[in-house]
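S.K.: One structure, as structure tokens, below. Some questions next.
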Amino acid sequence: MERDDRALDGLLQELARAPEGDDLFVHRVLAKTRRPDSRPALFFVAAAGVLVVLGFLFEPAPSARLGFARQACLIPEAKTMRLIGLDGGRRLVLGEVPMSSQVRVPAGMPIVLQAVGEDGMALWTDREVLRLRPREVRAPSSGPLVTFDRKSARPVDYGRDVKPILDQYCAGCHAEPDLLALAKPFDARHSPLVTETHGTIPATERRRLALWVDLGAARP
Amino acid sequence: MNAPGIHQALEPKDFEALVREHHRRLLAFGLALTRRPEVAEDLVQDALLIAHRDLGKFDAQRDFGAWVRGIIRMKYLEWTRSHRTERVSEAQLEELDARHREWDRAAEEGRGDALEALRRCREGLGEHVAETLDLFYVDRQSCAQIALRLHVSEVVVRKRLQRARDVLGDCLEKRLGAADGA
């Protein structure tokens, strides 16, 4: 009998979709089949609530795994991948890893990927906000696994990290609104605020400025 | 105990167990049809919800997988119509369904689960073939992208993928003790 590649193809796609046998799909389907006003359903909701609370108390936060093989292939000049966590209006740097790595990240947290060049500035910022499901594995690689969690995330704050630099090195000649107009959000590499400073801003402070711009140049 | 020929309805708790048992093979069926995970998930979810609604009409002694696949096929045809997408031919659908019937039977008779068997088969692939397979199925890269990444020609990528499928197909049949033509 001639082999049916389409059937095998479907199995391979399913293995790739949920390599760890993830059954979130089942939960979603079964949740839709339960009546919200029935007592058993209420019991299950209550039980699930208790389990969630116990889970938070005794289990590590649910996480997901992510690799960057595709981006490494498409942006060969990128050296590292920066993971930006979105927390309300704040942007947090979850961490930065070599392109060949894979990372474990908090599930459910909105994350934006940014490929970074050798000079520490963004080469590419993903337009899509990722929000991975618990135990989801997306584009895994065989590279080293690095874990990022909410605790290790560091916010970049305009008032604390950027304004003091502008005050010290730029405010003597330029008004703050004029300086801020020179920042192109998510593109420090082409922002005059970073690239055309005529004063002597030390490298560390310049990197901090670039990072704030690459994170979107948000200010209160 | 029901007498032969008497309709035996399915209980909700049985439905849950059957969904757990069959959902991954049903998703593989949906993926084989659409090749798009998000569409396959929607089709299978809709089919299972219809199955749940019509539980009273289903005879528990019949094949649950075949019943839901029938609903998925119906939903798939609706989807191709509404999206003006080229559809799989009726003959291919029959062939696909036949292969899934075999896999269902293998699971039922304790010969093994097709996905688990495939996972084990994949572990036996050579390094280059496995890498190509992962780039294609896991990273969902095109043959051209894979060729660029691995510094080989597209022809080599296609040959590796075909070889992977041949090896995996043989291995799967051996592991499940395929009952072709049964």
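Residue numbers start at 1 in each chain; chains themselves are named A, B, ... in the order of the structure tokens; ligands are numbered from 1 in the order shown.
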Give me every helix (DSSP H, G or I) residue in range 10-159 of chain B, going by DSSP on the backbone, as JSON, numbers by chain.
M.R.: {"B": [12, 13, 14, 15, 16, 17, 18, 19, 20, 21, 22, 23, 24, 25, 26, 27, 28, 29, 30, 31, 32, 33, 34, 37, 38, 39, 40, 41, 42, 43, 44, 45, 46, 47, 48, 49, 50, 51, 52, 53, 55, 56, 57, 64, 65, 66, 67, 68, 69, 70, 71, 72, 73, 74, 75, 76, 77, 78, 79, 80, 81, 82, 90, 91, 92, 93, 94, 95, 96, 97, 98, 99, 100, 101, 102, 103, 104, 105, 106, 107, 108, 114, 115, 116, 117, 118, 119, 120, 121, 122, 123, 127, 128, 129, 130, 131, 132, 133, 134, 135, 136, 137, 143, 144, 145, 146, 147, 148, 149, 150, 154, 155, 156, 157, 158, 159]}
S.K.: Write out as a short mmCIF file (atom, residue, chain, number, x, y, z; two decimals) with N, CA and C atoms, in the first residue's frame the residues lying within 12 Å of Arg219 in chain A, counting only C-alpha atoms and excluding same-chain residues fewer than 2 positions away.
M.R.:
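The resulting file, selection23.cif, is reproduced below:
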```
data_model
loop_
_atom_site.label_atom_id
_atom_site.label_comp_id
_atom_site.auth_asym_id
_atom_site.auth_seq_id
_atom_site.Cartn_x
_atom_site.Cartn_y
_atom_site.Cartn_z
N GLY A 89 2.05 49.96 31.91
CA GLY A 89 2.74 50.94 31.06
C GLY A 89 4.26 50.77 31.12
N ARG A 90 4.73 49.93 32.06
CA ARG A 90 6.19 49.82 32.25
C ARG A 90 6.78 48.80 31.30
N ARG A 91 8.03 49.03 30.94
CA ARG A 91 8.75 48.04 30.14
C ARG A 91 9.92 47.54 30.96
N VAL A 156 13.28 49.97 33.26
CA VAL A 156 14.08 51.14 32.89
C VAL A 156 13.15 52.34 33.02
N ASP A 157 13.52 53.22 33.93
CA ASP A 157 12.62 54.31 34.30
C ASP A 157 13.22 55.65 33.85
N TYR A 158 12.40 56.44 33.20
CA TYR A 158 12.90 57.71 32.68
C TYR A 158 13.44 58.60 33.80
N GLY A 159 12.65 58.75 34.86
CA GLY A 159 13.04 59.66 35.94
C GLY A 159 14.31 59.21 36.63
N ARG A 160 14.46 57.91 36.80
CA ARG A 160 15.60 57.40 37.55
C ARG A 160 16.83 57.18 36.67
N ASP A 161 16.60 56.64 35.45
CA ASP A 161 17.73 56.21 34.64
C ASP A 161 18.16 57.20 33.55
N VAL A 162 17.24 58.01 33.07
CA VAL A 162 17.54 58.81 31.88
C VAL A 162 17.67 60.31 32.20
N LYS A 163 16.69 60.82 32.94
CA LYS A 163 16.68 62.28 33.19
C LYS A 163 17.98 62.78 33.83
N GLU A 176 14.59 70.14 27.64
CA GLU A 176 14.22 68.72 27.73
C GLU A 176 13.30 68.27 26.60
N PRO A 177 12.23 69.05 26.26
CA PRO A 177 11.35 68.59 25.17
C PRO A 177 12.08 68.45 23.84
N LEU A 180 14.02 65.19 23.94
CA LEU A 180 13.17 63.99 23.84
C LEU A 180 12.65 63.80 22.42
N ALA A 181 12.52 64.91 21.70
CA ALA A 181 12.06 64.81 20.30
C ALA A 181 13.11 64.13 19.43
N ALA A 183 14.56 61.34 20.16
CA ALA A 183 14.56 59.88 20.44
C ALA A 183 13.53 59.21 19.55
N PRO A 185 11.52 56.05 19.16
CA PRO A 185 11.21 54.87 19.99
C PRO A 185 11.60 53.57 19.31
N TRP A 212 17.02 52.78 26.94
CA TRP A 212 15.72 53.41 27.18
C TRP A 212 15.01 53.70 25.85
N VAL A 213 15.76 54.17 24.86
CA VAL A 213 15.16 54.45 23.55
C VAL A 213 14.70 53.13 22.90
N LEU A 215 13.77 50.55 24.27
CA LEU A 215 12.60 50.01 24.96
C LEU A 215 11.34 50.83 24.68
N GLY A 216 11.46 51.82 23.83
CA GLY A 216 10.27 52.58 23.42
C GLY A 216 10.27 54.02 23.86
N ALA A 217 11.32 54.45 24.59
CA ALA A 217 11.45 55.85 25.03
C ALA A 217 10.20 56.34 25.77
#
```
S.K.: What residues in chain A have any atom no more than 9 Å from chain B when counting only C-alpha atoms, and can you write them as a PyMOL selection string?
M.R.: chain A and resi 1+3-17+19+21+23+25-26+28-30+32-33+69-70+73-74+138-140
S.K.: What lies within 10 Å of Asp126 in chain A using only C-alpha atoms, ignoring chain neighbours under 6 positions off, as a PDB file with N, CA and C atoms, in the first residue's frame?
M.R.:
```pdb
ATOM      1  N   GLN A  71      14.953  33.783  14.027  1.00  0.00           N
ATOM      2  CA  GLN A  71      15.505  35.141  14.025  1.00  0.00           C
ATOM      3  C   GLN A  71      17.010  35.106  13.791  1.00  0.00           C
ATOM      4  N   ILE A 111       5.464  39.654  26.178  1.00  0.00           N
ATOM      5  CA  ILE A 111       6.904  39.796  25.932  1.00  0.00           C
ATOM      6  C   ILE A 111       7.138  40.259  24.496  1.00  0.00           C
ATOM      7  N   VAL A 112       8.079  41.164  24.331  1.00  0.00           N
ATOM      8  CA  VAL A 112       8.492  41.588  22.991  1.00  0.00           C
ATOM      9  C   VAL A 112       9.956  41.183  22.797  1.00  0.00           C
ATOM     10  N   LEU A 113      10.258  40.610  21.646  1.00  0.00           N
ATOM     11  CA  LEU A 113      11.634  40.196  21.352  1.00  0.00           C
ATOM     12  C   LEU A 113      12.356  41.309  20.601  1.00  0.00           C
ATOM     13  N   GLN A 114      13.640  41.449  20.920  1.00  0.00           N
ATOM     14  CA  GLN A 114      14.437  42.472  20.244  1.00  0.00           C
ATOM     15  C   GLN A 114      15.825  41.907  19.967  1.00  0.00           C
ATOM     16  N   ALA A 115      16.195  41.848  18.692  1.00  0.00           N
ATOM     17  CA  ALA A 115      17.533  41.365  18.332  1.00  0.00           C
ATOM     18  C   ALA A 115      18.510  42.527  18.461  1.00  0.00           C
TER      19      ALA A 115
END
```
S.K.: From the set B:Arg175, B:Arg101, B:His151, B:Arg160, which residue has the shortest atom-to-atom contact distance to His128 in chain B, counting only C-alpha atoms?
M.R.: B:Arg160
S.K.: Grab the CA of Arg135 in chain A to CA of Pro98 in chain A distance for me, in Å with one decimal place.
M.R.: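 We find that CA of Arg135 in chain A and CA of Pro98 in chain A lie 22.2 Å from each other.
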S.K.: Would you mind reading off the distance between CA of Asp14 in chain B and CA of Ala66 in chain B, one decimal, in Å?
M.R.: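 Spanning CA of Asp14 in chain B to CA of Ala66 in chain B is a straight-line distance of 16.1 Å.
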S.K.: Taking the chain letters and numbering used in this document, name the residues of range 138-200 of chain A that DSSP puts in strand (DSSP E or B), as a list in words.
M.R.: Arg138, Leu145, Val146, Thr147, Arg154 and Pro155 of chain A
S.K.: Need the shell around Met109 in chain A: protein/DNA/RNA residues with any atom at most 8 Å away, counting only C-alpha atoms. Skip same-chain ones fewer than 4 positions apart. Format as a list of chain:residue names?
M.R.: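 In the requested form, the answer reads A:Gly85, A:Leu86, A:Leu130, A:Arg131, A:Leu132.
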S.K.: One number please: CA of Cys173 in chain A to CA of Ala122 in chain A, in Å, one decimal.
M.R.: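 Taking CA of Cys173 in chain A and CA of Ala122 in chain A, their separation equals 28.0 Å.
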